[in-house]
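Presented below is the structure to which this report refers.
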Amino acid sequence: MTNSIKMLDGNSIPKLGLGVWQASNEQVVEAISTALDAGYRLIDTASVYANESGVGEALRVNKVAREDIFVTSKLWNSDQNNVQQALEDSLSRLQLDYLDCYLIHWPVPSLGQYSKAWEELIKAQQNGLVKSIGVSNFLPEHIETLIQQTGVTPVINQIEKHPLFQQKTLSDWCAKHNILVQAWSPLAQGGQGIFEQQQVTSIANKYQKSPAQVVLRWHLQRNTLVIPKSITASRIIENIQVFDFELTAAELKTIDDLNKDQRLGPDPLDFVGLD
Ligand code: NDP
């Protein structure tokens, strides 16, 4: 299994990256340094995480070439009518002149602005400020609206996805449209008990891997990209060591069977989040 994959627009994206939600500017500098040393080449941030300047600082002091690192940021809900400025602000905090990927963070259907925002992302891509454009927390009806109105399909849909909330119908719909699914909270925000479940620990023991590594491997073999978050050096290193073993079909099914349709985050249909 190679460590990156081609998107619909021809650009490549690493299958695994570092998420940095809920990490401070100081914490991300350290975490990203550890991650880059461990082989990570994708960082997932967002303007609302209030740590883009830390991410920028980490990238500035590190020796890995800019073109070898994939940086994703996201347009916050209150900026859907202010895309150009929001993007410029993100780039300035990140000390970058382009993003590898820019996502609309949430559709916020009640605002009725996501299509207009998408048109602005298309312009930003044409202007070279962003290499690839995608969405997050979008349902098929929202993506269909974007495609109908602009003819441009998002390359990624970043959605909540983990063993307890597998979103199979949405994932299959994205796959059918060649939209890559990237899982947020791929570890169910620290496991929520699944790391202690016997079904998971027995697979982990068999491969001498941790339960978290088994879960990440399950995502990858189910064609899902992952952005596990950690600010703990040993876990950052552990989470990328998932390309040297392979789960059997029966083991994949064991993890599939843990699904409880249990959301940990908001529902995209009614989440507004303008703060
Ligand atoms: P994760 O599922 O990645 O879990 C992170 C938690 O798990 C942290 O508490 C971390 O602890 C712990 N952890 C990490 N690795 C291990 C391990 N090997 N063993 C045990 N525990 C571990 O949750 P997130 O919600 O952070 O999601 C990941 C990323 O997805 C975010 O950081 C963000 O980039 C993105 N995201 C996007 C959203 C969106 O709307 N688009 C919404 C939410 C997240 P510690 O850090 O202390 O090591």
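Ordering of the structure tokens sets the chain letters (A, B, ...); residue numbers start at 1 within each chain; ligands are numbered from 1 in the order shown.
Near ligand 1, at distances of 6 Å or less and with only C-alpha atoms and all ligand atoms counted, sit the residues Gly19, Val20, Trp21, Asp44, Thr45, His105, Ser136, Gln158, Trp184, Ser185, Pro186, Leu187, Ala188, Gln189, Gly190, Ala212, Ile227, Pro228, Lys229, Ser230, Ile231, Thr232, Arg235, Glu238 and Asn239 of chain A.
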Please identify all polymer residues within 12 Å of A:Ile143, counting only C-alpha atoms, omitting same-chain residues fewer than 5 positions from it, and present them as a short mmCIF file (atom, residue, chain, number, x, y, z; two decimals) with C-alpha atoms, in the first residue's frame.
```cif
data_model
loop_
_atom_site.label_atom_id
_atom_site.label_comp_id
_atom_site.auth_asym_id
_atom_site.auth_seq_id
_atom_site.Cartn_x
_atom_site.Cartn_y
_atom_site.Cartn_z
CA ILE A 104 -15.30 24.47 3.46
CA TRP A 106 -19.27 22.87 7.42
CA PRO A 107 -22.12 23.32 4.95
CA PRO A 109 -27.39 24.81 5.10
CA TYR A 114 -21.92 27.31 0.73
CA SER A 115 -22.39 27.38 -3.07
CA TRP A 118 -17.45 27.18 -3.34
CA GLY A 134 -12.75 20.18 -1.03
CA VAL A 135 -15.39 20.13 1.64
CA SER A 136 -15.93 18.85 5.14
CA ASN A 137 -19.08 17.55 6.79
CA PHE A 138 -21.02 17.76 3.51
CA GLN A 148 -24.86 21.35 -10.38
CA GLN A 149 -24.05 25.01 -9.83
CA THR A 150 -20.35 25.02 -10.75
CA GLY A 151 -19.50 21.75 -12.50
CA VAL A 152 -16.59 21.34 -10.07
CA THR A 153 -16.54 18.30 -7.77
CA PRO A 154 -14.75 18.56 -4.39
CA VAL A 155 -11.74 16.24 -4.27
CA ILE A 156 -12.24 15.40 -0.60
CA ASN A 157 -15.04 15.20 1.92
CA LEU A 170 -22.05 8.54 2.80
CA TRP A 173 -21.66 7.75 -2.15
CA CYS A 174 -18.37 9.69 -2.09
CA HIS A 177 -18.26 10.12 -7.21
CA ILE A 179 -14.42 11.95 -3.85
#
```
For A:Phe245, work out the shell of residues within 10 Å, counting only C-alpha atoms and skipping chain neighbours fewer than 4 positions away, then give it as a short mmCIF file (atom, residue, chain, number, x, y, z; two decimals) with N, CA and C atoms, in the first residue's frame.
```cif
data_model
loop_
_atom_site.label_atom_id
_atom_site.label_comp_id
_atom_site.auth_asym_id
_atom_site.auth_seq_id
_atom_site.Cartn_x
_atom_site.Cartn_y
_atom_site.Cartn_z
N MET A 1 0.85 -1.20 0.00
CA MET A 1 0.00 0.00 0.00
C MET A 1 0.89 1.26 0.00
N TYR A 207 -0.66 -8.81 15.76
CA TYR A 207 0.32 -8.11 14.91
C TYR A 207 1.37 -7.34 15.72
N GLN A 208 1.29 -7.47 17.04
CA GLN A 208 2.16 -6.68 17.93
C GLN A 208 2.05 -5.20 17.61
N LYS A 209 0.80 -4.76 17.47
CA LYS A 209 0.49 -3.36 17.23
C LYS A 209 -0.44 -2.90 18.35
N GLN A 213 -3.36 1.59 16.33
CA GLN A 213 -2.77 1.26 15.03
C GLN A 213 -3.70 0.35 14.23
N VAL A 214 -4.37 -0.55 14.92
CA VAL A 214 -5.33 -1.44 14.23
C VAL A 214 -6.48 -0.62 13.64
N ARG A 217 -5.25 1.29 10.65
CA ARG A 217 -5.05 0.36 9.53
C ARG A 217 -6.39 -0.04 8.90
N GLN A 241 3.01 4.29 12.12
CA GLN A 241 3.59 2.96 11.87
C GLN A 241 2.48 1.95 11.57
#
```
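Closest approach to A:Leu264 among A:His162, A:Ser171, A:Asn223, A:Phe243 is made by A:His162 (distances from only C-alpha atoms).
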Residues within 8 Å of stretch 90-97 of chain A, only C-alpha atoms, excluding chain neighbours under 6 positions, as a PyMOL selection string: chain A and resi 47+52-57+60+73+129
Polymer residues at most 10 Å from A:Leu225, only C-alpha atoms, same-chain spacing of 5 or more positions, as a list of chain:residue names: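 Everything that qualifies: A:Asn3, A:Ser4, A:Ile5, A:Ile13, A:Pro14, A:Lys15, A:Leu16, A:Gly17, A:Ile156, A:Gln158, A:Leu180, A:Val181, A:Gln182, A:Ala183, A:Trp184, A:Pro186, A:Leu216, A:His219, A:Leu220.
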Which of stretch 132-245 of chain A fall in strand (DSSP E), as a PyMOL selection string: chain A and resi 132-136+156-160+180-184+224-226
Using C-alpha atoms, can you export the residues from the last selection as a PDB file, in the first residue's frame?
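Output file out.pdb is given in full below:
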```
ATOM      1  CA  SER A 132      -6.886  21.460  -4.324  1.00  0.00           C
ATOM      2  CA  ILE A 133     -10.333  22.277  -3.016  1.00  0.00           C
ATOM      3  CA  GLY A 134     -12.745  20.177  -1.027  1.00  0.00           C
ATOM      4  CA  VAL A 135     -15.386  20.127   1.637  1.00  0.00           C
ATOM      5  CA  SER A 136     -15.927  18.852   5.144  1.00  0.00           C
ATOM      6  CA  ILE A 156     -12.243  15.397  -0.598  1.00  0.00           C
ATOM      7  CA  ASN A 157     -15.036  15.203   1.915  1.00  0.00           C
ATOM      8  CA  GLN A 158     -13.576  15.259   5.440  1.00  0.00           C
ATOM      9  CA  ILE A 159     -16.186  13.671   7.716  1.00  0.00           C
ATOM     10  CA  GLU A 160     -16.539  12.228  11.193  1.00  0.00           C
ATOM     11  CA  LEU A 180     -11.873  10.800  -1.270  1.00  0.00           C
ATOM     12  CA  VAL A 181     -13.156  10.368   2.270  1.00  0.00           C
ATOM     13  CA  GLN A 182     -10.860  11.690   4.981  1.00  0.00           C
ATOM     14  CA  ALA A 183     -11.830  10.660   8.505  1.00  0.00           C
ATOM     15  CA  TRP A 184     -11.862  13.226  11.284  1.00  0.00           C
ATOM     16  CA  THR A 224     -10.326   6.144   4.087  1.00  0.00           C
ATOM     17  CA  LEU A 225      -7.645   8.774   4.619  1.00  0.00           C
ATOM     18  CA  VAL A 226      -6.837   9.558   8.263  1.00  0.00           C
TER      19      VAL A 226
END
```
Atom CA of A:Gly273 to atom CA of A:Gln22, distance in Å rounded to a single decimal: 16.1 Å
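Relative to atom CA of A:Ala46, atom CA of A:Asn25 is found at 12.4 Å.
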7 Å contact set for A:Ala58, only C-alpha atoms, chain neighbours under 5 positions out, as JSON, numbers by chain: {"A": [29, 32, 33]}
Separation of atom CA of A:Asn62 from atom CA of A:Val130 in Å: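 Distance between the two atoms: 21.5 Å.
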All alpha helix (DSSP H) positions in stretch 66-165 of chain A, as a PyMOL selection string: chain A and resi 83-94+114-126+140-150
